[in-house]
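J.: Below is a structure I'd like to ask you about.
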Amino acid sequence: MRGRAKPPSAPLPQQDGIDPVRLRLPEDPDGAWPTVRDHLLARFAGAIGARRVDAMFAEGRFVSVRGPVSSDEPYEAGRYIWFHRDFAPEEPVPFPVGVVHRDEHLVVADKPHFLATTPRGRHITETAVARLRRGLELPELQPAHRLDRLTAGLVLFVVRPEERGAYQTMFRDRLVRKEYEAVAPYDPALVFPRTVRSRIVKERGVIAAREEPGEPNSESRIELLEHREGLGRYRLLPATGRTHQLRVHMNALGLPLVHDPVYPVLEAEGAPDDFARPLQLLARVLEFTDPVTGEPRRFESGLRLSAWPDR
């Protein structure tokens with residue numbers, strides 16, 4: 001059985017660092033959509049209204065490889081159409097994205113707190129990948145992994161699309177040594193270093209992950225670097241990569257991270273970000289053997305956690 005042909009390149013440029021949406025018109029055995037407009041109304045009118053769909057046609061916003069698509073064009077199954085979504089206004093994250101390293105293969109960024117790595121939900125243009133594409137003029141830049149929006153630190157981006165799989169596989173196969181730093185309460189009764197293993201479950205649509213009985217699927221090594229005034233500075237070394245793993249494990253020890261809005265108590269959903277209270281978690285080190293060049297790589301964040309100022 002022959003596979004589907006590779007889609008053609010998008011005829012639209014990126015907008016604010018975001019690729020256009022690509023649609024492939026599906027089969028229509030019952031003839032439900034005589035025109036392209038009929039299909040797009042059925043697909044999008046419920047979300048944005050028929051008037052907005054018609055306005056996008058009038059503005060030439062729907063484009064194929066042959067140029068702008070008119071509303072009365074006959075429906076053609078398998079045809080590709082592109083368009084840019086209307087982006088809702090986003091609150092700017094008032095911190096820059098640092099660049100720790102850049103070469104022909106990689107960009108290693110120092111992502112600030114509160115900035116999502118990739119577009120998702122209400123964070124689209126205010127994301128690290130969109131900012132870097134715009135700022136570095138690298139429209140094909142893609143992340144090799146993700147870092148939680150509230151966590152600051154190192155994120156590895158791939159310059160060449162054909163090399164992205166090699167770097168993603170490296171993360172999937174746990175061939176990257178990751179080192180985090182955190183600030184949390186200090187408990188003199190707890191002995192460090194220690195390794196925490198547990199079963200973590202994260203349900204879609206539920207913000208907080210939870211631990212439950214069963215075979216462990218997560219492992220973190222926790223080291224106390226120093227302590228003062230009731231707080232500790234910790235080195236966290238995850239052996240696995242479950243969602244919120246480090247935050248869950250520290251909370252389970254009775255040491256929730258400073259300014260964590262989820263653990264142990266979930267703050268009100270949808271509350272605006274308090275930029276003065278960043279989660280005290282930093283992805284400090286990435287270390288690996290480069291799967292493309294074969295050379296050893298080690299990168300260290302230049303950021304610092306605000307709850308542990310240098311003295």
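Naming works like this for the structure tokens: A, B, ... for the chains as they're shown, residue 1 at the start of each chain, ligands 1 onward in shown order.
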Please provide the set of residues having any atom within 10 Å of Pro7 in chain A, restricted to only C-alpha atoms, with same-chain residues fewer than 6 positions apart removed, written as a PDB file with all heavy atoms, in the first residue's frame.
T.:
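Final output, part-v7.pdb:
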```
ATOM      1  N   ARG A  22      -2.299  24.144   8.385  1.00  0.00           N
ATOM      2  CA  ARG A  22      -2.425  23.403   7.122  1.00  0.00           C
ATOM      3  C   ARG A  22      -3.603  22.454   7.208  1.00  0.00           C
ATOM      4  O   ARG A  22      -3.720  21.686   8.156  1.00  0.00           O
ATOM      5  CB  ARG A  22      -1.145  22.608   6.841  1.00  0.00           C
ATOM      6  CG  ARG A  22      -1.159  21.909   5.480  1.00  0.00           C
ATOM      7  CD  ARG A  22       0.050  21.018   5.311  1.00  0.00           C
ATOM      8  NE  ARG A  22      -0.037  19.828   6.153  1.00  0.00           N
ATOM      9  CZ  ARG A  22       1.010  19.230   6.720  1.00  0.00           C
ATOM     10  NH1 ARG A  22       2.219  19.719   6.543  1.00  0.00           N
ATOM     11  NH2 ARG A  22       0.849  18.166   7.477  1.00  0.00           N
ATOM     12  N   ARG A  24      -5.846  19.493   5.019  1.00  0.00           N
ATOM     13  CA  ARG A  24      -6.009  18.639   3.834  1.00  0.00           C
ATOM     14  C   ARG A  24      -7.493  18.300   3.754  1.00  0.00           C
ATOM     15  O   ARG A  24      -8.058  17.695   4.672  1.00  0.00           O
ATOM     16  CB  ARG A  24      -5.177  17.362   3.953  1.00  0.00           C
ATOM     17  CG  ARG A  24      -5.246  16.468   2.712  1.00  0.00           C
ATOM     18  CD  ARG A  24      -4.365  15.240   2.892  1.00  0.00           C
ATOM     19  NE  ARG A  24      -4.302  14.433   1.678  1.00  0.00           N
ATOM     20  CZ  ARG A  24      -5.190  13.478   1.371  1.00  0.00           C
ATOM     21  NH1 ARG A  24      -6.185  13.206   2.201  1.00  0.00           N
ATOM     22  NH2 ARG A  24      -5.065  12.796   0.252  1.00  0.00           N
ATOM     23  N   ARG A  79      -7.048  18.259  -1.423  1.00  0.00           N
ATOM     24  CA  ARG A  79      -6.382  19.541  -1.662  1.00  0.00           C
ATOM     25  C   ARG A  79      -5.875  20.122  -0.333  1.00  0.00           C
ATOM     26  O   ARG A  79      -6.528  19.984   0.705  1.00  0.00           O
ATOM     27  CB  ARG A  79      -7.369  20.509  -2.312  1.00  0.00           C
ATOM     28  CG  ARG A  79      -6.763  21.853  -2.727  1.00  0.00           C
ATOM     29  CD  ARG A  79      -7.857  22.729  -3.312  1.00  0.00           C
ATOM     30  NE  ARG A  79      -7.321  23.985  -3.804  1.00  0.00           N
ATOM     31  CZ  ARG A  79      -8.079  24.986  -4.247  1.00  0.00           C
ATOM     32  NH1 ARG A  79      -9.409  24.853  -4.272  1.00  0.00           N
ATOM     33  NH2 ARG A  79      -7.529  26.108  -4.677  1.00  0.00           N
ATOM     34  N   TYR A  80      -4.726  20.778  -0.390  1.00  0.00           N
ATOM     35  CA  TYR A  80      -4.173  21.413   0.805  1.00  0.00           C
ATOM     36  C   TYR A  80      -4.501  22.907   0.799  1.00  0.00           C
ATOM     37  O   TYR A  80      -4.391  23.577  -0.240  1.00  0.00           O
ATOM     38  CB  TYR A  80      -2.651  21.236   0.872  1.00  0.00           C
ATOM     39  CG  TYR A  80      -2.234  19.829   1.248  1.00  0.00           C
ATOM     40  CD1 TYR A  80      -1.870  18.914   0.264  1.00  0.00           C
ATOM     41  CD2 TYR A  80      -2.207  19.426   2.587  1.00  0.00           C
ATOM     42  CE1 TYR A  80      -1.486  17.622   0.601  1.00  0.00           C
ATOM     43  CE2 TYR A  80      -1.823  18.138   2.933  1.00  0.00           C
ATOM     44  CZ  TYR A  80      -1.468  17.241   1.942  1.00  0.00           C
ATOM     45  OH  TYR A  80      -1.100  15.963   2.282  1.00  0.00           O
TER      46      TYR A  80
END
```
J.: Please build the interface table for range 195-254 of chain A against range 272-291 of chain A with a cut-off of 10 Å, listing for each qualifying residue the nearest atom pair and the distance in Å to one decimal; count only C-alpha atoms, order rows by chain and increasing number, and write it as a Markdown table.
T.:
```
| residue | atom | partner | partner_atom | distance |
| --- | --- | --- | --- | --- |
| A:Arg233 | CA | A:Gln280 | CA | 9.7 |
| A:Tyr234 | CA | A:Leu281 | CA | 9.6 |
| A:Arg235 | CA | A:Arg284 | CA | 9.3 |
| A:Leu236 | CA | A:Ala283 | CA | 9.2 |
| A:Leu237 | CA | A:Val285 | CA | 9.9 |
| A:Leu246 | CA | A:Leu281 | CA | 9.0 |
| A:Arg247 | CA | A:Leu281 | CA | 8.6 |
```
J.: Keeping only all heavy atoms, write the selected residues as a tab-separated table (two decimals), in the first residue's frame.
T.:
```tsv
chain	number	residue	atom	x	y	z
A	233	ARG	N	18.95	25.10	49.27
A	233	ARG	CA	19.20	25.11	47.83
A	233	ARG	C	19.57	23.69	47.44
A	233	ARG	O	20.49	23.10	48.01
A	233	ARG	CB	20.33	26.08	47.46
A	233	ARG	CG	20.56	26.23	45.95
A	233	ARG	CD	21.49	27.40	45.64
A	233	ARG	NE	22.86	27.12	46.06
A	233	ARG	CZ	23.79	26.58	45.28
A	233	ARG	NH1	23.50	26.25	44.02
A	233	ARG	NH2	25.01	26.39	45.73
A	234	TYR	N	18.82	23.14	46.49
A	234	TYR	CA	18.91	21.72	46.16
A	234	TYR	C	19.35	21.51	44.72
A	234	TYR	O	18.98	22.27	43.82
A	234	TYR	CB	17.56	21.02	46.36
A	234	TYR	CG	17.05	21.08	47.79
A	234	TYR	CD1	16.30	22.18	48.24
A	234	TYR	CD2	17.30	20.05	48.69
A	234	TYR	CE1	15.82	22.24	49.54
A	234	TYR	CE2	16.83	20.10	50.00
A	234	TYR	CZ	16.10	21.19	50.41
A	234	TYR	OH	15.62	21.25	51.71
A	235	ARG	N	20.11	20.44	44.51
A	235	ARG	CA	20.39	19.94	43.16
A	235	ARG	C	19.47	18.75	42.92
A	235	ARG	O	19.43	17.82	43.74
A	235	ARG	CB	21.85	19.52	43.02
A	235	ARG	CG	22.15	18.94	41.61
A	235	ARG	CD	23.57	18.38	41.53
A	235	ARG	NE	24.57	19.42	41.61
A	235	ARG	CZ	25.55	19.47	42.50
A	235	ARG	NH1	25.65	18.52	43.42
A	235	ARG	NH2	26.42	20.45	42.49
A	236	LEU	N	18.74	18.78	41.81
A	236	LEU	CA	17.79	17.73	41.48
A	236	LEU	C	18.23	17.07	40.18
A	236	LEU	O	18.43	17.74	39.16
A	236	LEU	CB	16.37	18.32	41.31
A	236	LEU	CG	15.88	19.23	42.45
A	236	LEU	CD1	14.50	19.75	42.13
A	236	LEU	CD2	15.89	18.50	43.78
A	237	LEU	N	18.34	15.75	40.22
A	237	LEU	CA	18.82	14.98	39.08
A	237	LEU	C	17.77	13.95	38.68
A	237	LEU	O	17.70	12.86	39.26
A	237	LEU	CB	20.15	14.29	39.43
A	237	LEU	CG	21.27	15.21	39.90
A	237	LEU	CD1	22.40	14.41	40.49
A	237	LEU	CD2	21.77	16.08	38.75
A	246	LEU	N	9.76	16.57	39.45
A	246	LEU	CA	10.59	17.12	40.52
A	246	LEU	C	9.73	17.85	41.55
A	246	LEU	O	9.98	17.75	42.76
A	246	LEU	CB	11.63	18.06	39.93
A	246	LEU	CG	12.64	17.40	38.98
A	246	LEU	CD1	13.55	18.45	38.37
A	246	LEU	CD2	13.46	16.33	39.70
A	247	ARG	N	8.73	18.56	41.09
A	247	ARG	CA	7.83	19.27	42.01
A	247	ARG	C	7.03	18.29	42.86
A	247	ARG	O	6.84	18.50	44.06
A	247	ARG	CB	6.91	20.19	41.20
A	247	ARG	CG	7.67	21.27	40.46
A	247	ARG	CD	6.87	21.88	39.31
A	247	ARG	NE	5.74	22.65	39.78
A	247	ARG	CZ	4.88	23.24	38.96
A	247	ARG	NH1	5.02	23.12	37.64
A	247	ARG	NH2	3.88	23.94	39.45
```
J.: Write out as a list of chain:residue names all residues of range 67-141 of chain A that backbone DSSP assigns to strand (DSSP E or B).
T.: A:Gly67, A:Pro68, A:Pro74, A:Tyr80, A:Ile81, A:Trp82, A:Phe83, A:Gly98, A:Val99, A:Val100, A:His101, A:Arg102, A:Leu106, A:Val107, A:Val108, A:Ala109, A:Asp110, A:Lys111, A:Ala116, A:Arg120, A:His123, A:Thr127
J.: Name all residues at most 8 Å from Ala128 in chain A (count only C-alpha atoms; drop same-chain ones fewer than 6 positions away) and give them as a list in words.
T.: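 Everything that qualifies: Val97, Lys111, Leu115, Ala116, Thr117 and Thr118 of chain A.
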J.: What does the distance from CA of Val206 in chain A to CA of Ile222 in chain A come to in Å, to one decimal?
T.: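 Separation between CA of Val206 in chain A and CA of Ile222 in chain A: 26.2 Å.
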J.: Using DSSP on the backbone, list every residue of range 47-280 of chain A that comes out as alpha helix (DSSP H), and give them as a PyMOL selection string.
T.: chain A and resi 47-48+50-58+128-136+164-172+245-252
J.: Include C-alpha atoms and write out the residues we just selected as a PDB file, in the first residue's frame.
T.:
```
ATOM      1  CA  ALA A  47     -16.082  28.297  16.700  1.00  0.00           C
ATOM      2  CA  ILE A  48     -15.647  31.653  14.975  1.00  0.00           C
ATOM      3  CA  ALA A  50     -19.945  32.121   9.523  1.00  0.00           C
ATOM      4  CA  ARG A  51     -19.383  35.860   9.148  1.00  0.00           C
ATOM      5  CA  ARG A  52     -15.719  35.525  10.207  1.00  0.00           C
ATOM      6  CA  VAL A  53     -15.166  32.617   7.797  1.00  0.00           C
ATOM      7  CA  ASP A  54     -16.602  34.688   4.936  1.00  0.00           C
ATOM      8  CA  ALA A  55     -14.465  37.654   5.940  1.00  0.00           C
ATOM      9  CA  MET A  56     -11.348  35.482   5.774  1.00  0.00           C
ATOM     10  CA  PHE A  57     -12.319  34.441   2.241  1.00  0.00           C
ATOM     11  CA  ALA A  58     -12.836  38.091   1.287  1.00  0.00           C
ATOM     12  CA  ALA A 128      10.223  30.631  23.399  1.00  0.00           C
ATOM     13  CA  VAL A 129      10.159  29.065  19.931  1.00  0.00           C
ATOM     14  CA  ALA A 130       8.194  31.959  18.411  1.00  0.00           C
ATOM     15  CA  ARG A 131      10.440  34.568  20.010  1.00  0.00           C
ATOM     16  CA  LEU A 132      13.617  32.807  18.892  1.00  0.00           C
ATOM     17  CA  ARG A 133      12.393  32.308  15.335  1.00  0.00           C
ATOM     18  CA  ARG A 134      11.687  36.026  15.102  1.00  0.00           C
ATOM     19  CA  GLY A 135      14.761  37.238  16.921  1.00  0.00           C
ATOM     20  CA  LEU A 136      17.302  34.908  15.314  1.00  0.00           C
ATOM     21  CA  ARG A 164      15.369  17.086  14.843  1.00  0.00           C
ATOM     22  CA  GLY A 165      14.577  13.377  15.123  1.00  0.00           C
ATOM     23  CA  ALA A 166      18.131  12.517  16.211  1.00  0.00           C
ATOM     24  CA  TYR A 167      17.996  15.021  19.076  1.00  0.00           C
ATOM     25  CA  GLN A 168      14.464  14.055  20.107  1.00  0.00           C
ATOM     26  CA  THR A 169      15.492  10.398  20.220  1.00  0.00           C
ATOM     27  CA  MET A 170      18.392  11.329  22.479  1.00  0.00           C
ATOM     28  CA  PHE A 171      15.962  12.803  25.012  1.00  0.00           C
ATOM     29  CA  ARG A 172      13.499   9.935  24.614  1.00  0.00           C
ATOM     30  CA  GLN A 245       8.138  14.999  38.523  1.00  0.00           C
ATOM     31  CA  LEU A 246      10.585  17.125  40.519  1.00  0.00           C
ATOM     32  CA  ARG A 247       7.832  19.271  42.011  1.00  0.00           C
ATOM     33  CA  VAL A 248       5.825  16.177  42.972  1.00  0.00           C
ATOM     34  CA  HIS A 249       8.811  14.456  44.581  1.00  0.00           C
ATOM     35  CA  MET A 250       9.874  17.515  46.553  1.00  0.00           C
ATOM     36  CA  ASN A 251       6.321  18.084  47.733  1.00  0.00           C
ATOM     37  CA  ALA A 252       6.065  14.430  48.815  1.00  0.00           C
TER      38      ALA A 252
END
```
J.: Taking 6 positions as the minimum chain separation for residues in the same chain, which residues sit within 10 Å of Arg85 in chain A when counting only C-alpha atoms? Answer as a ChimeraX atom specification.
T.: /A:15,18-21,56,61
J.: Show me, as JSON, numbers by chain, the residues that have an atom within 10 Å of Arg102 in chain A when counting only C-alpha atoms, minus same-chain residues fewer than 4 positions from it.
T.: {"A": [106, 107, 108, 109, 136, 157, 158, 159]}
J.: Using only C-alpha atoms, please write the residues we just selected to a file, as a PDB file, in the first residue's frame.
T.:
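Result file part-v3.pdb:
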```
ATOM      1  CA  LEU A 106      21.693  23.836  17.707  1.00  0.00           C
ATOM      2  CA  VAL A 107      20.420  26.815  19.619  1.00  0.00           C
ATOM      3  CA  VAL A 108      20.544  26.380  23.391  1.00  0.00           C
ATOM      4  CA  ALA A 109      18.278  28.936  25.021  1.00  0.00           C
ATOM      5  CA  LEU A 136      17.302  34.908  15.314  1.00  0.00           C
ATOM      6  CA  PHE A 157      16.363  23.857  19.815  1.00  0.00           C
ATOM      7  CA  VAL A 158      17.286  22.273  16.486  1.00  0.00           C
ATOM      8  CA  VAL A 159      18.176  24.462  13.511  1.00  0.00           C
TER       9      VAL A 159
END
```
J.: Show which residues sit within 7 Å of Phe114 in chain A, as JSON, numbers by chain. Count only C-alpha atoms, and ignore same-chain residues fewer than 6 positions away.
T.: {"A": [93, 149, 150]}
J.: Write the residues of the selection above to a file with all heavy atoms, as a PDB file, in the first residue's frame.
T.:
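This went into selection.pdb:
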```pdb
ATOM      1  N   VAL A  93       5.540  38.328  28.408  1.00  0.00           N
ATOM      2  CA  VAL A  93       6.385  37.904  29.525  1.00  0.00           C
ATOM      3  C   VAL A  93       7.572  38.863  29.556  1.00  0.00           C
ATOM      4  O   VAL A  93       8.328  38.941  28.585  1.00  0.00           O
ATOM      5  CB  VAL A  93       6.851  36.452  29.338  1.00  0.00           C
ATOM      6  CG1 VAL A  93       7.826  36.051  30.445  1.00  0.00           C
ATOM      7  CG2 VAL A  93       5.650  35.516  29.319  1.00  0.00           C
ATOM      8  N   ARG A 149       6.263  25.688  31.473  1.00  0.00           N
ATOM      9  CA  ARG A 149       6.170  27.142  31.343  1.00  0.00           C
ATOM     10  C   ARG A 149       6.700  27.861  32.578  1.00  0.00           C
ATOM     11  O   ARG A 149       7.364  28.905  32.468  1.00  0.00           O
ATOM     12  CB  ARG A 149       4.703  27.531  31.088  1.00  0.00           C
ATOM     13  CG  ARG A 149       4.493  29.006  30.749  1.00  0.00           C
ATOM     14  CD  ARG A 149       3.042  29.289  30.462  1.00  0.00           C
ATOM     15  NE  ARG A 149       2.235  29.250  31.662  1.00  0.00           N
ATOM     16  CZ  ARG A 149       2.031  30.292  32.462  1.00  0.00           C
ATOM     17  NH1 ARG A 149       2.592  31.459  32.194  1.00  0.00           N
ATOM     18  NH2 ARG A 149       1.273  30.186  33.535  1.00  0.00           N
ATOM     19  N   LEU A 150       6.418  27.332  33.763  1.00  0.00           N
ATOM     20  CA  LEU A 150       6.816  28.023  34.990  1.00  0.00           C
ATOM     21  C   LEU A 150       8.269  27.776  35.371  1.00  0.00           C
ATOM     22  O   LEU A 150       8.789  28.432  36.270  1.00  0.00           O
ATOM     23  CB  LEU A 150       5.898  27.609  36.146  1.00  0.00           C
ATOM     24  CG  LEU A 150       4.416  27.957  35.968  1.00  0.00           C
ATOM     25  CD1 LEU A 150       3.629  27.563  37.215  1.00  0.00           C
ATOM     26  CD2 LEU A 150       4.224  29.445  35.677  1.00  0.00           C
TER      27      LEU A 150
END
```
J.: If we count only C-alpha atoms and set the cut-off at 12 Å, which residues sit around Leu225 in chain A, ignoring sequence neighbours fewer than 3 positions away in its own chain? Please answer as a CSV table (one decimal) with N, CA and C atoms, in the first residue's frame.
T.:
```csv
chain,number,residue,atom,x,y,z
A,180,TYR,N,19.0,20.1,37.6
A,180,TYR,CA,18.1,21.2,38.0
A,180,TYR,C,18.6,21.8,39.4
A,181,GLU,N,18.2,23.0,39.6
A,181,GLU,CA,18.4,23.6,40.9
A,181,GLU,C,17.0,24.1,41.4
A,182,ALA,N,16.8,24.0,42.7
A,182,ALA,CA,15.6,24.4,43.3
A,182,ALA,C,15.8,25.1,44.7
A,183,VAL,N,14.9,25.9,45.1
A,183,VAL,CA,14.9,26.5,46.4
A,183,VAL,C,13.6,26.0,47.1
A,184,ALA,N,13.7,25.4,48.3
A,184,ALA,CA,12.5,24.9,49.0
A,184,ALA,C,12.8,24.9,50.5
A,186,TYR,N,13.9,23.9,54.2
A,186,TYR,CA,15.0,23.0,54.8
A,186,TYR,C,14.4,22.3,56.0
A,192,PHE,N,20.2,13.8,53.3
A,192,PHE,CA,20.5,13.9,51.8
A,192,PHE,C,22.0,13.6,51.6
A,193,PRO,N,22.3,13.1,50.4
A,193,PRO,CA,21.4,12.9,49.2
A,193,PRO,C,20.5,11.7,49.4
A,222,ILE,N,18.0,13.7,44.8
A,222,ILE,CA,17.9,15.0,45.5
A,222,ILE,C,19.1,15.2,46.4
A,228,ARG,N,20.1,28.0,54.6
A,228,ARG,CA,20.1,29.2,55.5
A,228,ARG,C,18.7,29.7,55.7
A,231,LEU,N,15.5,27.9,54.5
A,231,LEU,CA,15.4,27.4,53.1
A,231,LEU,C,16.7,26.6,52.8
A,232,GLY,N,16.5,25.7,51.8
A,232,GLY,CA,17.6,25.0,51.2
A,232,GLY,C,17.7,25.2,49.7
A,233,ARG,N,18.9,25.1,49.3
A,233,ARG,CA,19.2,25.1,47.8
A,233,ARG,C,19.6,23.7,47.4
A,234,TYR,N,18.8,23.1,46.5
A,234,TYR,CA,18.9,21.7,46.2
A,234,TYR,C,19.4,21.5,44.7
A,235,ARG,N,20.1,20.4,44.5
A,235,ARG,CA,20.4,19.9,43.2
A,235,ARG,C,19.5,18.7,42.9
A,236,LEU,N,18.7,18.8,41.8
A,236,LEU,CA,17.8,17.7,41.5
A,236,LEU,C,18.2,17.1,40.2
A,308,TRP,N,17.3,32.8,46.2
A,308,TRP,CA,18.6,32.5,46.8
A,308,TRP,C,19.6,33.4,46.2
```
